[in-house]
$ cat input23.cif   # mmCIF, C-alpha atoms
data_protein
loop_
_atom_site.group_PDB
_atom_site.id
_atom_site.type_symbol
_atom_site.label_atom_id
_atom_site.label_comp_id
_atom_site.auth_asym_id
_atom_site.auth_seq_id
_atom_site.Cartn_x
_atom_site.Cartn_y
_atom_site.Cartn_z
ATOM 1 C CA MET V 525 0.298 75.082 -60.440
ATOM 2 C CA ASN V 526 3.507 75.976 -58.587
ATOM 3 C CA LEU V 527 6.712 74.079 -59.080
ATOM 4 C CA ILE V 528 7.494 71.672 -56.272
ATOM 5 C CA THR V 529 11.180 70.918 -55.818
ATOM 6 C CA ILE V 530 12.687 68.040 -53.915
ATOM 7 C CA THR V 531 16.318 68.580 -52.953
ATOM 8 C CA HIS V 532 18.780 66.336 -51.184
ATOM 9 C CA LYS V 533 19.910 67.078 -47.628
ATOM 10 C CA ASP V 534 21.857 63.991 -46.584
ATOM 11 C CA GLY V 535 21.356 60.253 -46.464
ATOM 12 C CA LEU V 536 17.736 59.674 -47.451
ATOM 13 C CA ALA V 537 16.601 63.094 -46.207
ATOM 14 C CA PHE V 538 15.141 65.444 -48.799
ATOM 15 C CA ASP V 539 13.448 68.842 -48.542
ATOM 16 C CA VAL V 540 10.162 69.393 -50.355
ATOM 17 C CA ARG V 541 9.695 73.051 -51.273
ATOM 18 C CA VAL V 542 6.838 74.986 -52.799
ATOM 19 C CA ARG V 543 6.023 78.701 -52.592
ATOM 20 C CA ARG V 544 8.755 79.415 -49.999
ATOM 21 C CA ARG V 545 7.440 76.627 -47.757
ATOM 22 C CA ARG V 546 9.569 73.656 -46.813
ATOM 23 C CA ILE V 547 8.817 70.227 -45.432
ATOM 24 C CA ALA V 548 11.557 67.852 -44.358
ATOM 25 C CA THR V 549 11.215 64.267 -45.508
ATOM 26 C CA ASP V 550 13.222 61.226 -44.528
ATOM 27 C CA MET V 551 12.799 57.520 -44.042
ATOM 28 C CA SER V 552 12.577 55.984 -40.583
ATOM 29 C CA LEU V 553 15.654 54.524 -38.900
ATOM 30 C CA ALA V 554 14.268 51.044 -39.578
ATOM 31 C CA GLU V 555 14.090 51.846 -43.284
ATOM 32 C CA GLY V 556 17.599 53.257 -43.582
ATOM 33 C CA GLY V 557 16.883 56.932 -42.913
ATOM 34 C CA GLN V 558 17.390 59.056 -39.842
ATOM 35 C CA GLY V 559 13.745 59.805 -39.031
ATOM 36 C CA LYS V 560 14.301 63.546 -39.542
ATOM 37 C CA GLY V 561 11.078 64.232 -41.408
ATOM 38 C CA PHE V 562 7.830 62.918 -42.818
ATOM 39 C CA THR V 563 8.150 59.741 -44.818
ATOM 40 C CA PRO V 564 6.700 60.033 -48.341
ATOM 41 C CA ALA V 565 3.846 57.724 -47.334
ATOM 42 C CA GLU V 566 3.082 59.934 -44.332
ATOM 43 C CA LEU V 567 3.022 62.985 -46.613
ATOM 44 C CA LEU V 568 0.580 61.274 -48.938
ATOM 45 C CA ALA V 569 -1.729 60.089 -46.156
ATOM 46 C CA GLY V 570 -1.389 63.411 -44.321
ATOM 47 C CA GLY V 571 -2.270 65.233 -47.529
ATOM 48 C CA LEU V 572 -5.412 63.131 -47.842
ATOM 49 C CA GLY V 573 -6.357 63.873 -44.239
ATOM 50 C CA ALA V 574 -5.757 67.588 -44.649
ATOM 51 C CA CYS V 575 -7.774 67.697 -47.858
ATOM 52 C CA MET V 576 -10.747 65.966 -46.249
ATOM 53 C CA ALA V 577 -10.454 68.104 -43.103
ATOM 54 C CA MET V 578 -10.524 71.329 -45.127
ATOM 55 C CA ARG V 579 -13.643 70.313 -47.028
ATOM 56 C CA VAL V 580 -15.455 69.164 -43.905
ATOM 57 C CA GLN V 581 -14.411 72.275 -41.926
ATOM 58 C CA ALA V 582 -15.733 74.501 -44.727
ATOM 59 C CA TYR V 583 -18.967 72.503 -44.744
ATOM 60 C CA CYS V 584 -19.340 72.836 -40.969
ATOM 61 C CA GLU V 585 -18.822 76.574 -41.187
ATOM 62 C CA GLU V 586 -21.413 76.884 -43.949
ATOM 63 C CA ARG V 587 -23.876 75.007 -41.751
ATOM 64 C CA GLY V 588 -23.218 77.331 -38.837
ATOM 65 C CA TYR V 589 -20.919 75.078 -36.793
ATOM 66 C CA GLY V 590 -17.855 77.214 -37.429
ATOM 67 C CA GLY V 591 -17.169 77.621 -33.735
ATOM 68 C CA GLY V 592 -15.745 74.147 -33.527
ATOM 69 C CA ASP V 593 -12.774 72.402 -35.075
ATOM 70 C CA VAL V 594 -12.727 69.437 -37.385
ATOM 71 C CA SER V 595 -9.868 67.019 -36.882
ATOM 72 C CA VAL V 596 -8.812 63.886 -38.706
ATOM 73 C CA SER V 597 -6.866 60.916 -37.364
ATOM 74 C CA LEU V 598 -5.281 58.682 -39.946
ATOM 75 C CA ALA V 599 -3.329 55.472 -40.171
ATOM 76 C CA PHE V 600 -2.260 53.396 -43.132
ATOM 77 C CA GLU V 601 -1.050 49.886 -43.795
ATOM 78 C CA PHE V 602 1.373 48.660 -46.389
ATOM 79 C CA LEU V 603 0.903 45.722 -48.694
ATOM 80 C CA GLY V 604 3.819 43.965 -50.327
ATOM 81 C CA LYS V 605 4.704 42.919 -53.880
ATOM 82 C CA PRO V 606 4.854 45.632 -54.972
ATOM 83 C CA LYS V 607 5.151 47.497 -51.701
ATOM 84 C CA ARG V 608 2.381 50.104 -51.594
ATOM 85 C CA ILE V 609 -0.153 51.633 -49.259
ATOM 86 C CA GLY V 610 -2.900 49.026 -49.177
ATOM 87 C CA ALA V 611 -5.348 50.655 -46.788
ATOM 88 C CA ILE V 612 -5.897 54.082 -45.284
ATOM 89 C CA VAL V 613 -8.086 54.417 -42.221
ATOM 90 C CA ALA V 614 -9.378 57.877 -41.347
ATOM 91 C CA ASP V 615 -11.546 59.035 -38.461
ATOM 92 C CA ILE V 616 -13.129 62.481 -38.823
ATOM 93 C CA ASP V 617 -14.038 64.227 -35.576
ATOM 94 C CA LEU V 618 -16.749 66.858 -35.944
ATOM 95 C CA PRO V 619 -17.340 69.929 -33.755
ATOM 96 C CA ALA V 620 -19.558 69.541 -30.716
ATOM 97 C CA GLY V 621 -23.235 69.861 -31.518
ATOM 98 C CA PHE V 622 -22.969 68.786 -35.140
ATOM 99 C CA PRO V 623 -26.152 66.823 -35.881
ATOM 100 C CA GLU V 624 -25.753 63.078 -36.291
ATOM 101 C CA GLU V 625 -28.293 62.957 -39.063
ATOM 102 C CA GLU V 626 -25.846 64.836 -41.302
ATOM 103 C CA LYS V 627 -23.155 62.162 -40.877
ATOM 104 C CA GLU V 628 -23.668 60.667 -44.336
ATOM 105 C CA GLU V 629 -23.507 64.077 -45.960
ATOM 106 C CA VAL V 630 -20.186 64.693 -44.170
ATOM 107 C CA ARG V 631 -18.950 61.352 -45.476
ATOM 108 C CA ARG V 632 -19.959 62.337 -49.006
ATOM 109 C CA ILE V 633 -18.186 65.691 -48.627
ATOM 110 C CA ALA V 634 -15.009 64.056 -47.329
ATOM 111 C CA GLU V 635 -14.985 61.387 -50.032
ATOM 112 C CA ALA V 636 -15.322 64.093 -52.676
ATOM 113 C CA ALA V 637 -12.100 65.761 -51.476
ATOM 114 C CA VAL V 638 -9.635 66.227 -54.351
ATOM 115 C CA ILE V 639 -7.005 63.890 -52.932
ATOM 116 C CA CYS V 640 -9.593 61.221 -52.137
ATOM 117 C CA GLU V 641 -10.935 61.360 -55.682
ATOM 118 C CA THR V 642 -7.373 61.295 -57.000
ATOM 119 C CA LEU V 643 -6.627 58.104 -55.080
ATOM 120 C CA ARG V 644 -9.828 56.549 -56.406
ATOM 121 C CA LYS V 645 -8.908 57.347 -59.971
ATOM 122 C CA PRO V 646 -5.127 57.565 -59.832
ATOM 123 C CA PRO V 647 -3.411 59.789 -62.384
ATOM 124 C CA HIS V 648 -0.804 58.651 -64.858
ATOM 125 C CA VAL V 649 2.665 59.501 -63.515
ATOM 126 C CA ASP V 650 4.644 60.870 -66.432
ATOM 127 C CA LEU V 651 8.315 60.421 -65.586
ATOM 128 C CA ASP V 652 11.318 61.898 -67.374
ATOM 129 C CA ILE V 653 14.844 60.960 -66.297
ATOM 130 C CA GLN V 654 17.379 63.718 -66.722
ATOM 131 C CA PHE V 655 21.139 63.761 -66.475
ATOM 132 C CA ASP V 656 23.426 66.394 -65.069
ATOM 133 C CA ARG V 657 24.960 67.624 -68.345
ATOM 134 C CA ASN V 658 27.494 69.829 -66.526
ATOM 135 C CA HIS V 659 28.897 66.812 -64.723
ATOM 136 C CA GLN V 660 29.220 64.916 -68.002
ATOM 137 C CA THR V 661 31.003 67.914 -69.570
ATOM 138 C CA ASP V 662 33.482 68.003 -66.664
ATOM 139 C CA ARG V 663 34.234 64.305 -67.098
ATOM 140 C CA LYS V 664 34.910 64.878 -70.808
ATOM 141 C CA ALA V 665 37.342 67.708 -69.950
ATOM 142 C CA VAL V 666 39.184 65.503 -67.442
ATOM 143 C CA SER V 667 39.566 62.599 -69.882
ATOM 144 C CA ALA V 668 40.877 64.968 -72.596
ATOM 145 C CA MET X 1041 17.407 36.303 -33.944
ATOM 146 C CA ASP X 1042 17.943 37.211 -30.281
ATOM 147 C CA LYS X 1043 16.549 35.587 -27.164
ATOM 148 C CA ILE X 1044 15.454 37.723 -24.243
ATOM 149 C CA GLU X 1045 13.731 37.091 -20.927
ATOM 150 C CA LEU X 1046 10.019 37.817 -21.085
ATOM 151 C CA GLY X 1047 7.555 36.725 -18.423
ATOM 152 C CA GLY X 1048 10.305 34.681 -16.776
ATOM 153 C CA LYS X 1049 11.076 32.697 -19.970
ATOM 154 C CA LEU X 1050 13.809 32.963 -22.596
ATOM 155 C CA ILE X 1051 11.980 33.778 -25.812
ATOM 156 C CA GLU X 1052 13.224 34.321 -29.346
ATOM 157 C CA ILE X 1053 12.413 37.747 -30.821
ATOM 158 C CA ASP X 1054 13.079 39.374 -34.185
ATOM 159 C CA GLU X 1055 14.976 42.628 -34.743
ATOM 160 C CA ASP X 1056 11.824 44.626 -33.960
ATOM 161 C CA GLY X 1057 11.078 42.786 -30.723
ATOM 162 C CA PHE X 1058 8.233 40.586 -32.019
ATOM 163 C CA ILE X 1059 8.194 37.116 -30.484
ATOM 164 C CA GLN X 1060 8.699 34.359 -33.010
ATOM 165 C CA ASP X 1061 6.663 31.622 -31.356
ATOM 166 C CA PRO X 1062 3.079 32.733 -30.660
ATOM 167 C CA ASP X 1063 2.657 29.709 -28.370
ATOM 168 C CA ALA X 1064 5.302 31.135 -26.049
ATOM 169 C CA TRP X 1065 2.977 34.048 -25.225
ATOM 170 C CA ASP X 1066 1.122 34.426 -21.971
ATOM 171 C CA GLU X 1067 -0.042 37.381 -19.932
ATOM 172 C CA LYS X 1068 3.261 37.723 -18.105
ATOM 173 C CA VAL X 1069 5.042 37.855 -21.461
ATOM 174 C CA ALA X 1070 2.510 40.481 -22.564
ATOM 175 C CA LEU X 1071 3.296 42.641 -19.549
ATOM 176 C CA ASP X 1072 7.013 42.580 -20.339
ATOM 177 C CA LEU X 1073 6.389 43.231 -24.030
ATOM 178 C CA ALA X 1074 4.152 46.151 -23.062
ATOM 179 C CA LYS X 1075 7.041 47.787 -21.214
ATOM 180 C CA THR X 1076 9.077 47.692 -24.432
ATOM 181 C CA GLU X 1077 6.216 49.659 -26.018
ATOM 182 C CA ALA X 1078 6.183 52.352 -23.303
ATOM 183 C CA VAL X 1079 3.067 50.842 -21.724
ATOM 184 C CA ASP X 1080 3.900 50.523 -18.036
ATOM 185 C CA ASP X 1081 0.379 49.618 -16.901
ATOM 186 C CA MET X 1082 -1.866 47.338 -18.902
ATOM 187 C CA THR X 1083 -5.398 48.575 -18.241
ATOM 188 C CA GLU X 1084 -8.666 46.845 -19.069
ATOM 189 C CA ASP X 1085 -8.698 48.786 -22.347
ATOM 190 C CA HIS X 1086 -5.214 47.542 -23.252
ATOM 191 C CA TRP X 1087 -6.247 43.952 -22.577
ATOM 192 C CA LYS X 1088 -9.409 44.381 -24.638
ATOM 193 C CA VAL X 1089 -7.309 45.215 -27.694
ATOM 194 C CA VAL X 1090 -4.680 42.564 -26.993
ATOM 195 C CA ASN X 1091 -7.230 39.813 -26.374
ATOM 196 C CA TYR X 1092 -9.117 40.721 -29.550
ATOM 197 C CA LEU X 1093 -5.911 40.603 -31.616
ATOM 198 C CA ARG X 1094 -4.950 37.292 -30.112
ATOM 199 C CA GLU X 1095 -8.376 35.704 -30.732
ATOM 200 C CA TYR X 1096 -8.414 36.973 -34.303
ATOM 201 C CA TYR X 1097 -4.902 35.686 -34.960
ATOM 202 C CA LEU X 1098 -5.629 32.257 -33.516
ATOM 203 C CA GLU X 1099 -8.699 31.971 -35.724
ATOM 204 C CA TYR X 1100 -7.383 33.451 -38.979
ATOM 205 C CA ASN X 1101 -3.608 33.096 -38.619
ATOM 206 C CA MET X 1102 -3.137 36.764 -39.483
ATOM 207 C CA ALA X 1103 -3.515 40.152 -37.827
ATOM 208 C CA PRO X 1104 -6.759 42.039 -38.465
ATOM 209 C CA MET X 1105 -6.801 45.262 -40.486
ATOM 210 C CA ILE X 1106 -6.814 48.459 -38.464
ATOM 211 C CA ARG X 1107 -10.455 49.350 -39.160
ATOM 212 C CA LYS X 1108 -11.547 45.900 -38.019
ATOM 213 C CA VAL X 1109 -9.689 46.407 -34.739
ATOM 214 C CA CYS X 1110 -11.495 49.724 -34.236
ATOM 215 C CA LYS X 1111 -14.949 48.366 -35.049
ATOM 216 C CA SER X 1112 -14.580 45.181 -33.040
ATOM 217 C CA THR X 1113 -13.121 46.768 -29.919
ATOM 218 C CA GLY X 1114 -15.205 49.945 -30.098
ATOM 219 C CA PHE X 1115 -12.129 52.160 -29.853
ATOM 220 C CA LYS X 1116 -11.514 55.028 -32.229
ATOM 221 C CA LEU X 1117 -8.249 55.092 -34.136
ATOM 222 C CA LYS X 1118 -6.868 57.831 -31.903
ATOM 223 C CA GLU X 1119 -7.799 55.883 -28.767
ATOM 224 C CA ILE X 1120 -5.875 52.850 -30.002
ATOM 225 C CA TYR X 1121 -2.814 55.014 -30.583
ATOM 226 C CA ASP X 1122 -3.287 56.500 -27.100
ATOM 227 C CA LEU X 1123 -3.208 52.982 -25.680
ATOM 228 C CA PHE X 1124 -0.349 51.770 -27.863
ATOM 229 C CA PRO X 1125 1.740 54.725 -29.077
ATOM 230 C CA SER X 1126 3.457 52.642 -31.740
ATOM 231 C CA GLY X 1127 0.041 51.837 -33.176
ATOM 232 C CA PRO X 1128 -2.057 48.726 -33.614
ATOM 233 C CA ALA X 1129 0.452 46.943 -35.834
ATOM 234 C CA LYS X 1130 3.816 47.704 -34.270
ATOM 235 C CA GLY X 1131 2.569 48.180 -30.700
ATOM 236 C CA ALA X 1132 -0.557 46.204 -29.933
ATOM 237 C CA CYS X 1133 0.272 43.212 -32.143
ATOM 238 C CA LYS X 1134 3.681 42.964 -30.519
ATOM 239 C CA VAL X 1135 2.187 42.953 -27.010
ATOM 240 C CA ALA X 1136 -0.366 40.366 -28.147
ATOM 241 C CA GLY X 1137 2.454 38.059 -29.209
ATOM 242 C CA LEU X 1138 1.569 38.088 -32.913
ATOM 243 C CA PRO X 1139 4.253 37.876 -35.583
ATOM 244 C CA LYS X 1140 5.102 41.269 -37.129
ATOM 245 C CA PRO X 1141 2.221 42.125 -39.466
ATOM 246 C CA THR X 1142 3.138 42.296 -43.147
ATOM 247 C CA GLY X 1143 1.570 45.729 -43.340
ATOM 248 C CA CYS X 1144 3.868 47.068 -40.672
ATOM 249 C CA VAL X 1145 5.247 50.527 -41.376
#

$ encode --input "input23.cif" --output "structure tokens"
Amino acid sequence: MNLITITHKDGLAFDVRVRRRRIATDMSLAEGGQGKGFTPAELLAGGLGACMAMRVQAYCEERGYGGGDVSVSLAFEFLGKPKRIGAIVADIDLPAGFPEEEKEEVRRIAEAAVICETLRKPPHVDLDIQFDRNHQTDRKAVSA
Amino acid sequence: MDKIELGGKLIEIDEDGFIQDPDAWDEKVALDLAKTEAVDDMTEDHWKVVNYLREYYLEYNMAPMIRKVCKSTGFKLKEIYDLFPSGPAKGACKVAGLPKPTGCV
């Protein structure tokens, strides 16, 4: 498991980095950001969509429909108190010629995607708050 | 709250352009609201979504969930976003004269 780092750019904009890749994140203008990147909720929902798409694409290729592309369209809705994603709606578009009778198997494949299973059985988030010890040391030096 | 002219009437809107009094809505208001959502021409498909939202709201006093909109209108998710680029909540509900949905992103 590679380390994922989230570093501040400006305002509410942060970069998410892993394995030399970078994604810009930010909140929308309406939510106090500048709209310069994915919102965290969009990253989460997009991650779900990508995970399902990969599994279904692999399945299609195994079944001999590799000539076509799988795509996923996604939207989500928030609920309040506490504010959270309350519903995610995903449409999976299959390559042309994919047999309709395999639709339920595709659904089963998509629902077994890692991120989908993770959302069904959410993990414990183990949080540790850390302080910038260098900054504290500097403050001590100034007060002395 | 601001008041702007929509459909030839002065109507109160919130900071996101949603009308505050659903009874003030009519089709002329919808056409002006549509322009604020980059929809210059309201086609039969646009009206199908708007009319469904309006009927649902008048019956249940709330906006329907996205999947319900898709199933009831027969449009796929992507097609609804093609019709209303801001989406079913921010775009279509606004044009239909509903209050801003609580699930609005």

$ residues_around --input "input23.cif" --residues "V:Asp615" --least-positions-apart "3" --cutoff "7 Å" --atoms "only C-alpha atoms" --output "compact mmCIF listing (two decimals) with C-alpha atoms, in the frame of the given file"
# COMPACT_ATOMS: atom_id res chain seq x y z
CA VAL V 596 -8.81 63.89 -38.71
CA SER V 597 -6.87 60.92 -37.36
CA LEU V 598 -5.28 58.68 -39.95
CA LEU X 1117 -8.25 55.09 -34.14

$ resolve_selection --input "input23.cif" --expression "the PyMOL selection byres ((chain V and resi 541) around 9)" --output "list in words"
Leu527, Ile528, Thr529, Ile530, Thr531, Asp539, Val540, Val542, Arg543, Arg544, Arg545, Arg546, Ile547 and Ala548 of chain V

$ residues_near_point --input "input23.cif" --point "(11.6, 46.2, -32.8)" --cutoff "10 Å" --atoms "all atoms listed in the file" --output "list in words"
Ala554 of chain V; Ile1053, Asp1054, Glu1055, Asp1056, Gly1057, Phe1058, Ile1059, Thr1076, Glu1077, Lys1130, Gly1131, Lys1134 and Lys1140 of chain X

$ closest_residue --input "input23.cif" --among "X:Ala1078, X:Ile1044, X:Leu1138, X:Ile1106" --to "chain V" --atoms "all atoms listed in the file"
X:Ile1106

$ atom_distance --input "input23.cif" --atom1 "atom CA of X:Lys1043" --atom2 "atom CA of X:Gln1060"
9.9 Å

$ closest_residue --input "input23.cif" --among "V:Arg579, V:Arg631, V:His648, V:Arg608" --to "chain X" --atoms "all atoms listed in the file"
V:Arg608

$ residues_around --input "input23.cif" --residues "V:Gly573" --least-positions-apart "6" --cutoff "12 Å" --atoms "all atoms listed in the file" --output "PDB file with C-alpha atoms, in the frame of the given file"
ATOM      1  CA  GLU V 566       3.082  59.934 -44.332  1.00  0.00           C
ATOM      2  CA  LEU V 567       3.022  62.985 -46.613  1.00  0.00           C
ATOM      3  CA  ARG V 579     -13.643  70.313 -47.028  1.00  0.00           C
ATOM      4  CA  VAL V 580     -15.455  69.164 -43.905  1.00  0.00           C
ATOM      5  CA  GLN V 581     -14.411  72.275 -41.926  1.00  0.00           C
ATOM      6  CA  VAL V 594     -12.727  69.437 -37.385  1.00  0.00           C
ATOM      7  CA  SER V 595      -9.868  67.019 -36.882  1.00  0.00           C
ATOM      8  CA  VAL V 596      -8.812  63.886 -38.706  1.00  0.00           C
ATOM      9  CA  SER V 597      -6.866  60.916 -37.364  1.00  0.00           C
ATOM     10  CA  LEU V 598      -5.281  58.682 -39.946  1.00  0.00           C
ATOM     11  CA  ALA V 599      -3.329  55.472 -40.171  1.00  0.00           C
ATOM     12  CA  PHE V 600      -2.260  53.396 -43.132  1.00  0.00           C
ATOM     13  CA  ILE V 612      -5.897  54.082 -45.284  1.00  0.00           C
ATOM     14  CA  VAL V 613      -8.086  54.417 -42.221  1.00  0.00           C
ATOM     15  CA  ALA V 614      -9.378  57.877 -41.347  1.00  0.00           C
ATOM     16  CA  ASP V 615     -11.546  59.035 -38.461  1.00  0.00           C
ATOM     17  CA  ILE V 616     -13.129  62.481 -38.823  1.00  0.00           C
ATOM     18  CA  ASP V 617     -14.038  64.227 -35.576  1.00  0.00           C
ATOM     19  CA  ALA V 634     -15.009  64.056 -47.329  1.00  0.00           C
ATOM     20  CA  GLU V 635     -14.985  61.387 -50.032  1.00  0.00           C
ATOM     21  CA  ALA V 637     -12.100  65.761 -51.476  1.00  0.00           C
ATOM     22  CA  VAL V 638      -9.635  66.227 -54.351  1.00  0.00           C
ATOM     23  CA  ILE V 639      -7.005  63.890 -52.932  1.00  0.00           C
ATOM     24  CA  CYS V 640      -9.593  61.221 -52.137  1.00  0.00           C
TER      25      CYS V 640
END

$ closest_residue --input "input23.cif" --among "V:Leu553, V:Leu603, V:Ala611, V:Leu568" --to "chain X" --atoms "all atoms listed in the file"
V:Leu603

$ closest_residue --input "input23.cif" --among "V:Gly621, V:Pro564, V:Pro646, V:Gly604" --to "chain X" --atoms "all atoms listed in the file"
V:Gly604

$ interface_residues --input "input23.cif" --of "chain X" --to "chain V" --cutoff "12 Å" --atoms "only C-alpha atoms" --output "MDAnalysis selection string"
chainID X and resid 1055:1056 1103:1111 1115:1122 1126:1130 1141:1145

$ residues_near_point --input "input23.cif" --point "(0.9, 43.1, -20.3)" --cutoff "10 Å" --atoms "all atoms listed in the file" --output "list in words"
Gly1047, Asp1066, Glu1067, Lys1068, Val1069, Ala1070, Leu1071, Asp1072, Leu1073, Ala1074, Lys1075, Val1079, Asp1080, Asp1081, Met1082, Thr1083, His1086, Trp1087, Val1090, Val1135 and Ala1136 of chain X

$ atom_distance --input "input23.cif" --atom1 "atom CA of V:Gly592" --atom2 "atom CA of V:Leu643"
28.4 Å

$ atom_distance --input "input23.cif" --atom1 "atom CA of V:Thr563" --atom2 "atom CA of V:Ala537"
9.2 Å

$ residues_around --input "input23.cif" --residues "stretch 622-626 of chain V" --least-positions-apart "6" --cutoff "12 Å" --atoms "only C-alpha atoms" --output "PyMOL selection string"
chain V and resi 580-581+583-585+587-594+632-633

$ write_last_selection --input "input23.cif" --atoms "C-alpha atoms" --output "PDB file, keeping the file's coordinate frame"
ATOM      1  CA  VAL V 580     -15.455  69.164 -43.905  1.00  0.00           C
ATOM      2  CA  GLN V 581     -14.411  72.275 -41.926  1.00  0.00           C
ATOM      3  CA  TYR V 583     -18.967  72.503 -44.744  1.00  0.00           C
ATOM      4  CA  CYS V 584     -19.340  72.836 -40.969  1.00  0.00           C
ATOM      5  CA  GLU V 585     -18.822  76.574 -41.187  1.00  0.00           C
ATOM      6  CA  ARG V 587     -23.876  75.007 -41.751  1.00  0.00           C
ATOM      7  CA  GLY V 588     -23.218  77.331 -38.837  1.00  0.00           C
ATOM      8  CA  TYR V 589     -20.919  75.078 -36.793  1.00  0.00           C
ATOM      9  CA  GLY V 590     -17.855  77.214 -37.429  1.00  0.00           C
ATOM     10  CA  GLY V 591     -17.169  77.621 -33.735  1.00  0.00           C
ATOM     11  CA  GLY V 592     -15.745  74.147 -33.527  1.00  0.00           C
ATOM     12  CA  ASP V 593     -12.774  72.402 -35.075  1.00  0.00           C
ATOM     13  CA  VAL V 594     -12.727  69.437 -37.385  1.00  0.00           C
ATOM     14  CA  ARG V 632     -19.959  62.337 -49.006  1.00  0.00           C
ATOM     15  CA  ILE V 633     -18.186  65.691 -48.627  1.00  0.00           C
TER      16      ILE V 633
END

$ closest_residue --input "input23.cif" --among "X:Glu1045, X:Asp1061, X:Glu1084, X:Glu1052" --to "X:Thr1113" --atoms "only C-alpha atoms"
X:Glu1084

$ axis_aligned_box --input "input23.cif" --around "stretch 1082-1099 of chain X" --padding-each-side "6 Å" --output "JSON"
{"center_x": -5.6, "center_y": 40.4, "center_z": -27.0, "size_x": 19.5, "size_y": 28.8, "size_z": 29.5}
